[in-house]
There are 2 protein chains.
Amino acid sequence: MPRMGEFELLARMRERLPAAGDRVRLGSGDDAAVTVPGGATATSVDALVEGVHFRRDAGFSPEDVGAKALATALSDLAAMGAAPGEAYVVLGVPAGTAEEELLRLADGLAAVAAATGTAIAGGDVTRAPVLTLAITVVGHAARPELLVTRAGARPGDLLVLTGELGGAAAGLLLLERPELAAAVAEETAANLRRRQLRPTPRLRAGAALAAAGAGAMIDLSDGLAGDAGHVAAQSGVALRIDAAAVPLAKGLAEVGAAVGRDPLELAASGGEDYELLAAVPPERLSEAATRIGEAAETSLTPVGEVGDGEGAEIRLPGGGTLKTTGFDQLARSPGWAAGAP
Amino acid sequence: MPRMGEFELLARMRERLPAAGDRVRLGSGDDAAVTVPGGATATSVDALVEGVHFRRDAGFSPEDVGAKALATALSDLAAMGAAPGEAYVVLGVPAGTAEEELLRLADGLAAVAAATGTAIAGGDVTRAPVLTLAITVVGHAARPELLVTRAGARPGDLLVLTGELGGAAAGLLLLERPELAAAVAEETAANLRRRQLRPTPRLRAGAALAAAGAGAMIDLSDGLAGDAGHVAAQSGVALRIDAAAVPLAKGLAEVGAAVGRDPLELAASGGEDYELLAAVPPERLSEAATRIGEAAETSLTPVGEVGDGEGAEIRLPGGGTLKTTGFDQLARSPGWAAGAP
């Protein structure tokens, strides 16, 4: 490390991070943080590793890295319908990292923490060969049964999706091949890149869907096809998604065409959109739509239904089903959770 | 990864880890784990990075790596007097890692989890350039004020220490220079190596000291001098430790002599002993000793006192104070906590 002095650097990073939270009695600065959690907690861990999940030379600023690491961790809480509470950050820092870069990374963490009301209650900083973030997030609910798992989808439920898909995949293409930006308007390209660099955890939408009786919910980190498959497996049902109903991000079709990729395939398998897929009893669909409207965070679209059977399929307009590529469990970071077959 | 199949490998790792806990309503396999925490929680994060905290070619088996990562994380809960509850494991795996190695690492985690009653409630597995573990541990107490911070030492308190110091430092010397084992009996050498490879979190001792009214407590991860300094700074008092009173690990003197190092200096600055240093009001010392005896985990020794002033000093038998080397905040992993000046 350069010469600011390590204690001083850590103190300066911590100064930038919101440490206070309703439930935090003692934040960082002791052997452990002390919180008073209330009825039930949802806890999830996520890691972001340089060269695996992001490349600093491919458009990710230090602020983006910090913001995306916390946002993607919080997305798992959104998928439970939990209220965000505390985050704990393990930061692995390569030798020679500029202090300025770490302070900017802290700014990215702080921006998402402030926007979501999350307290950074503790952490650990260590040397590592590449920039590494491992983030633990803790969310809260009054009772455990108010948290929405992947296991409660029932035949007859409707499948609803927040927002639009494919934006993160198109954004990644634009970051990797900047010349593709010619295919769309500049503002559209900027929005797509932003979907990749700065995903939004759908915390208000998740809480709204939980309150509207969603029986199962998952955030789309690995892609619609794979994540729908997890819900099908854990609920013991079949998920049937109508491809024509899935809202696609603006500009996805043009960027897809420029690289010869089917936009629907990009939307279904690209991953990293961090929208929510939920199973809702049909009689509560209008309540779900109303609550999502009140949450004012994103849109809600019915995209399919739950039936008897097993597996998830995406039905194409012309008949047949979409074949999507799988994902590499250890190359990306779908969570231990996804280790369940 | 070799060809067991990644889902199958993760499933086999998870099978080896104890997932059930009194407070766990939903373990790994969903977006987040669901727990019912009770009155107060203590949460701490710790990272172990290959090449920084351990070297596989220097005597660390995969079981040792898993066991040490969880044990050192739990040591922070011991220092709070918290009852261990849940752990969440982020595992970064280099390409080409043998499956057998990961299963053995899981066995090491499982051994410490079982010995301490900790549930492995979730995790995340990702690619990383070197083997990396980031572990979050959550401990419980009925009320936040029952958890012991570093800030409550008062002038007049006695300082007490569990166990013996210097064993981990001597063990590291023996691992790095196997020829030094000739200086001590084989059983002594094995015990010293074990102090480095397989530290024991003093959870029962920590609970006993908390129950006996310890006002401040810290686990000795960075060395007696540095950690005592943290208590002094956060309590706003001076800590005076009598070097002659500090129990030294058996064999430390001989190993130290073989490398020309002062055993006391090794004991005070070597770190990684994971014993507890606590400040106890004098009228409760006998209760503390009784409770430590009942906990049947380790010994308790008065080593000094708390006074007005600031800083921590280790007083040598012949007069003067011990000069100890500092530690590199980013080379070792003293915790975000230690970022406080």
# chains A, B, ... in the order shown; residues from 1 in each chain; ligands from 1
$ residues_around --residues "Thr43 in chain B" --least-positions-apart "6" --cutoff "8 Å" --atoms "only C-alpha atoms" --output "PyMOL selection string"
(chain A and resi 32-34) or (chain B and resi 77+136-139)
$ select_by_dssp --residues "range 77-158 of chain B" --states "strand (DSSP E or B)" --output "VMD selection string"
chain B and resid 83 to 93 119 to 127 132 to 141 158
$ write_last_selection --atoms "N, CA, C and O atoms" --output "short mmCIF file (atom, residue, chain, number, x, y, z; two decimals), in the first residue's frame"
data_model
loop_
_atom_site.label_atom_id
_atom_site.label_comp_id
_atom_site.auth_asym_id
_atom_site.auth_seq_id
_atom_site.Cartn_x
_atom_site.Cartn_y
_atom_site.Cartn_z
N ALA B 83 -22.97 -16.84 22.45
CA ALA B 83 -23.14 -18.27 22.15
C ALA B 83 -23.12 -18.44 20.64
O ALA B 83 -23.86 -17.78 19.93
N PRO B 84 -22.28 -19.37 20.12
CA PRO B 84 -22.18 -19.52 18.67
C PRO B 84 -23.50 -19.99 18.08
O PRO B 84 -24.18 -20.84 18.66
N GLY B 85 -23.86 -19.43 16.93
CA GLY B 85 -25.10 -19.80 16.28
C GLY B 85 -24.88 -20.30 14.87
O GLY B 85 -24.80 -21.50 14.64
N GLU B 86 -24.73 -19.36 13.92
CA GLU B 86 -24.66 -19.73 12.52
C GLU B 86 -23.37 -19.21 11.89
O GLU B 86 -22.82 -18.20 12.30
N ALA B 87 -22.93 -19.92 10.84
CA ALA B 87 -21.81 -19.45 10.03
C ALA B 87 -22.21 -19.49 8.56
O ALA B 87 -23.02 -20.33 8.15
N TYR B 88 -21.66 -18.54 7.79
CA TYR B 88 -21.89 -18.44 6.35
C TYR B 88 -20.52 -18.41 5.69
O TYR B 88 -19.67 -17.62 6.09
N VAL B 89 -20.30 -19.26 4.70
CA VAL B 89 -18.97 -19.49 4.16
C VAL B 89 -18.90 -19.08 2.69
O VAL B 89 -19.61 -19.64 1.86
N VAL B 90 -18.05 -18.11 2.37
CA VAL B 90 -17.73 -17.81 0.98
C VAL B 90 -16.42 -18.53 0.67
O VAL B 90 -15.42 -18.34 1.36
N LEU B 91 -16.46 -19.35 -0.38
CA LEU B 91 -15.29 -20.14 -0.74
C LEU B 91 -14.87 -19.75 -2.15
O LEU B 91 -15.64 -19.89 -3.09
N GLY B 92 -13.65 -19.25 -2.29
CA GLY B 92 -13.08 -18.96 -3.60
C GLY B 92 -12.14 -20.09 -3.98
O GLY B 92 -11.23 -20.42 -3.21
N VAL B 93 -12.36 -20.68 -5.14
CA VAL B 93 -11.66 -21.92 -5.53
C VAL B 93 -10.86 -21.68 -6.80
O VAL B 93 -11.43 -21.31 -7.83
N ALA B 119 -24.11 -23.95 13.24
CA ALA B 119 -24.74 -24.41 12.00
C ALA B 119 -24.13 -23.68 10.82
O ALA B 119 -23.96 -22.46 10.87
N ILE B 120 -23.78 -24.42 9.77
CA ILE B 120 -23.35 -23.76 8.52
C ILE B 120 -24.63 -23.50 7.74
O ILE B 120 -25.17 -24.37 7.05
N ALA B 121 -25.14 -22.27 7.85
CA ALA B 121 -26.49 -21.98 7.36
C ALA B 121 -26.52 -21.50 5.92
O ALA B 121 -27.59 -21.37 5.33
N GLY B 122 -25.36 -21.23 5.32
CA GLY B 122 -25.35 -20.78 3.94
C GLY B 122 -23.95 -20.52 3.46
O GLY B 122 -22.98 -20.65 4.22
N GLY B 123 -23.85 -20.16 2.18
CA GLY B 123 -22.54 -19.88 1.64
C GLY B 123 -22.60 -19.54 0.18
O GLY B 123 -23.68 -19.37 -0.40
N ASP B 124 -21.44 -19.43 -0.41
CA ASP B 124 -21.32 -19.07 -1.82
C ASP B 124 -19.99 -19.65 -2.28
O ASP B 124 -19.00 -19.59 -1.57
N VAL B 125 -19.99 -20.22 -3.47
CA VAL B 125 -18.75 -20.76 -4.04
C VAL B 125 -18.49 -20.06 -5.35
O VAL B 125 -19.40 -19.89 -6.16
N THR B 126 -17.26 -19.62 -5.54
CA THR B 126 -16.93 -18.89 -6.76
C THR B 126 -15.49 -19.21 -7.15
O THR B 126 -14.73 -19.76 -6.37
N ARG B 127 -15.14 -18.90 -8.38
CA ARG B 127 -13.75 -18.99 -8.80
C ARG B 127 -12.95 -17.88 -8.14
O ARG B 127 -13.47 -16.79 -7.89
N THR B 132 -9.53 -19.11 -1.09
CA THR B 132 -9.95 -17.99 -0.26
C THR B 132 -11.19 -18.37 0.53
O THR B 132 -12.14 -18.91 -0.03
N LEU B 133 -11.17 -18.13 1.82
CA LEU B 133 -12.36 -18.35 2.64
C LEU B 133 -12.72 -17.04 3.32
O LEU B 133 -11.87 -16.40 3.94
N ALA B 134 -13.97 -16.64 3.22
CA ALA B 134 -14.47 -15.50 3.99
C ALA B 134 -15.65 -16.04 4.78
O ALA B 134 -16.61 -16.55 4.21
N ILE B 135 -15.55 -15.96 6.09
CA ILE B 135 -16.56 -16.58 6.95
C ILE B 135 -17.23 -15.53 7.82
O ILE B 135 -16.56 -14.72 8.46
N THR B 136 -18.55 -15.53 7.80
CA THR B 136 -19.34 -14.69 8.69
C THR B 136 -19.91 -15.58 9.78
O THR B 136 -20.49 -16.63 9.49
N VAL B 137 -19.73 -15.17 11.03
CA VAL B 137 -20.31 -15.93 12.14
C VAL B 137 -21.28 -15.04 12.91
O VAL B 137 -21.05 -13.84 13.06
N VAL B 138 -22.36 -15.67 13.35
CA VAL B 138 -23.38 -14.96 14.13
C VAL B 138 -23.54 -15.67 15.46
O VAL B 138 -23.77 -16.89 15.50
N GLY B 139 -23.38 -14.92 16.54
CA GLY B 139 -23.58 -15.46 17.88
C GLY B 139 -24.76 -14.77 18.55
O GLY B 139 -25.23 -13.73 18.08
N HIS B 140 -25.21 -15.34 19.63
CA HIS B 140 -26.45 -14.87 20.24
C HIS B 140 -26.29 -14.59 21.73
O HIS B 140 -25.44 -15.17 22.40
N ALA B 141 -27.12 -13.69 22.21
CA ALA B 141 -27.23 -13.40 23.64
C ALA B 141 -28.66 -12.96 23.90
O ALA B 141 -29.36 -12.52 22.98
N LEU B 158 -8.80 -5.99 37.24
CA LEU B 158 -7.66 -6.88 37.02
C LEU B 158 -7.72 -7.41 35.60
O LEU B 158 -8.81 -7.60 35.04
#
$ closest_residue --among "B:Arg143, B:Arg56, B:Arg195, B:Arg154" --to "chain A" --atoms "only C-alpha atoms"
B:Arg143
$ residues_around --residues "Asp219 in chain A" --least-positions-apart "5" --cutoff "12 Å" --atoms "only C-alpha atoms" --output "MDAnalysis selection string"
(chainID A and resid 71:81 148:150 160:163 165 199:203 205:206 224:228 230:231 271:278 334:335 338) or (chainID B and resid 30:32)
$ select_by_dssp --residues "range 24-208 of chain A" --states "helix (DSSP H, G or I)" --output "ChimeraX atom specification"
/A:56-58,62-78,99-116,144-146,167-176,178-183,186-197,203-208
$ write_last_selection --atoms "C-alpha atoms" --output "mmCIF file, in the first residue's frame"
data_model
loop_
_atom_site.group_PDB
_atom_site.id
_atom_site.type_symbol
_atom_site.label_atom_id
_atom_site.label_comp_id
_atom_site.auth_asym_id
_atom_site.auth_seq_id
_atom_site.Cartn_x
_atom_site.Cartn_y
_atom_site.Cartn_z
ATOM 1 C CA ARG A 56 -11.620 -2.943 -14.159
ATOM 2 C CA ASP A 57 -10.375 -2.427 -17.712
ATOM 3 C CA ALA A 58 -13.873 -3.139 -19.098
ATOM 4 C CA PRO A 62 -14.163 1.438 -8.387
ATOM 5 C CA GLU A 63 -17.525 2.996 -7.460
ATOM 6 C CA ASP A 64 -19.286 0.523 -9.776
ATOM 7 C CA VAL A 65 -17.516 -2.426 -8.172
ATOM 8 C CA GLY A 66 -18.526 -1.377 -4.658
ATOM 9 C CA ALA A 67 -22.066 -0.536 -5.685
ATOM 10 C CA LYS A 68 -22.615 -3.732 -7.674
ATOM 11 C CA ALA A 69 -21.223 -5.961 -4.928
ATOM 12 C CA LEU A 70 -23.657 -4.598 -2.355
ATOM 13 C CA ALA A 71 -26.594 -4.351 -4.781
ATOM 14 C CA THR A 72 -26.320 -7.968 -5.923
ATOM 15 C CA ALA A 73 -26.064 -9.169 -2.321
ATOM 16 C CA LEU A 74 -29.156 -7.136 -1.381
ATOM 17 C CA SER A 75 -31.013 -8.588 -4.367
ATOM 18 C CA ASP A 76 -31.192 -11.891 -2.471
ATOM 19 C CA LEU A 77 -32.957 -10.104 0.379
ATOM 20 C CA ALA A 78 -35.385 -8.559 -2.123
ATOM 21 C CA GLU A 99 -5.763 4.515 -1.816
ATOM 22 C CA GLU A 100 -7.974 6.656 -4.005
ATOM 23 C CA GLU A 101 -9.363 3.511 -5.602
ATOM 24 C CA LEU A 102 -10.365 2.045 -2.239
ATOM 25 C CA LEU A 103 -11.990 5.265 -1.135
ATOM 26 C CA ARG A 104 -13.979 5.349 -4.381
ATOM 27 C CA LEU A 105 -14.989 1.727 -3.855
ATOM 28 C CA ALA A 106 -16.230 2.724 -0.398
ATOM 29 C CA ASP A 107 -18.212 5.543 -2.038
ATOM 30 C CA GLY A 108 -19.930 2.990 -4.291
ATOM 31 C CA LEU A 109 -20.806 0.827 -1.297
ATOM 32 C CA ALA A 110 -22.037 3.891 0.562
ATOM 33 C CA ALA A 111 -24.283 5.020 -2.301
ATOM 34 C CA VAL A 112 -26.171 1.714 -2.360
ATOM 35 C CA ALA A 113 -26.220 1.494 1.429
ATOM 36 C CA ALA A 114 -27.750 4.964 1.667
ATOM 37 C CA ALA A 115 -30.258 4.347 -1.138
ATOM 38 C CA THR A 116 -31.493 1.152 0.510
ATOM 39 C CA PRO A 144 -40.095 -16.178 9.644
ATOM 40 C CA GLU A 145 -43.236 -17.149 7.708
ATOM 41 C CA LEU A 146 -43.387 -13.659 6.177
ATOM 42 C CA GLY A 167 -30.459 -5.140 -20.309
ATOM 43 C CA ALA A 168 -27.505 -6.416 -18.304
ATOM 44 C CA ALA A 169 -26.471 -8.825 -21.080
ATOM 45 C CA ALA A 170 -26.687 -6.078 -23.714
ATOM 46 C CA GLY A 171 -24.790 -3.746 -21.391
ATOM 47 C CA LEU A 172 -21.997 -6.285 -21.024
ATOM 48 C CA LEU A 173 -21.752 -6.597 -24.819
ATOM 49 C CA LEU A 174 -21.509 -2.793 -25.097
ATOM 50 C CA LEU A 175 -18.776 -2.660 -22.449
ATOM 51 C CA GLU A 176 -16.770 -5.411 -24.103
ATOM 52 C CA PRO A 178 -17.767 -0.320 -27.504
ATOM 53 C CA GLU A 179 -18.257 -0.129 -31.296
ATOM 54 C CA LEU A 180 -21.661 -1.827 -30.839
ATOM 55 C CA ALA A 181 -23.003 1.399 -29.341
ATOM 56 C CA ALA A 182 -23.559 2.618 -32.905
ATOM 57 C CA ALA A 183 -26.552 0.249 -33.064
ATOM 58 C CA GLU A 186 -26.491 7.136 -26.987
ATOM 59 C CA GLU A 187 -28.980 7.391 -24.115
ATOM 60 C CA THR A 188 -30.156 3.829 -24.743
ATOM 61 C CA ALA A 189 -26.569 2.558 -24.752
ATOM 62 C CA ALA A 190 -25.882 4.383 -21.483
ATOM 63 C CA ASN A 191 -28.975 2.816 -19.888
ATOM 64 C CA LEU A 192 -27.924 -0.668 -20.997
ATOM 65 C CA ARG A 193 -24.390 -0.237 -19.689
ATOM 66 C CA ARG A 194 -25.847 0.994 -16.442
ATOM 67 C CA ARG A 195 -27.931 -2.176 -16.118
ATOM 68 C CA GLN A 196 -24.675 -4.150 -16.128
ATOM 69 C CA LEU A 197 -22.623 -1.794 -13.963
ATOM 70 C CA LEU A 203 -36.263 -4.360 -2.438
ATOM 71 C CA ARG A 204 -39.511 -2.377 -2.511
ATOM 72 C CA ALA A 205 -40.951 -4.618 -5.234
ATOM 73 C CA GLY A 206 -39.965 -7.722 -3.267
ATOM 74 C CA ALA A 207 -41.649 -6.417 -0.136
ATOM 75 C CA ALA A 208 -44.746 -5.538 -2.188
#
$ residues_around --residues "Ala312 in chain A" --least-positions-apart "3" --cutoff "12 Å" --atoms "only C-alpha atoms" --output "PyMOL selection string"
chain A and resi 159+224-242+268+304-309+315+321-324
$ closest_residue --among "B:Arg261, B:Arg25, B:Arg16, B:Arg55" --to "chain A" --atoms "only C-alpha atoms"
B:Arg25
$ atom_distance --atom1 "CA of Gly320 in chain B" --atom2 "CA of Leu264 in chain B"
13.7 Å
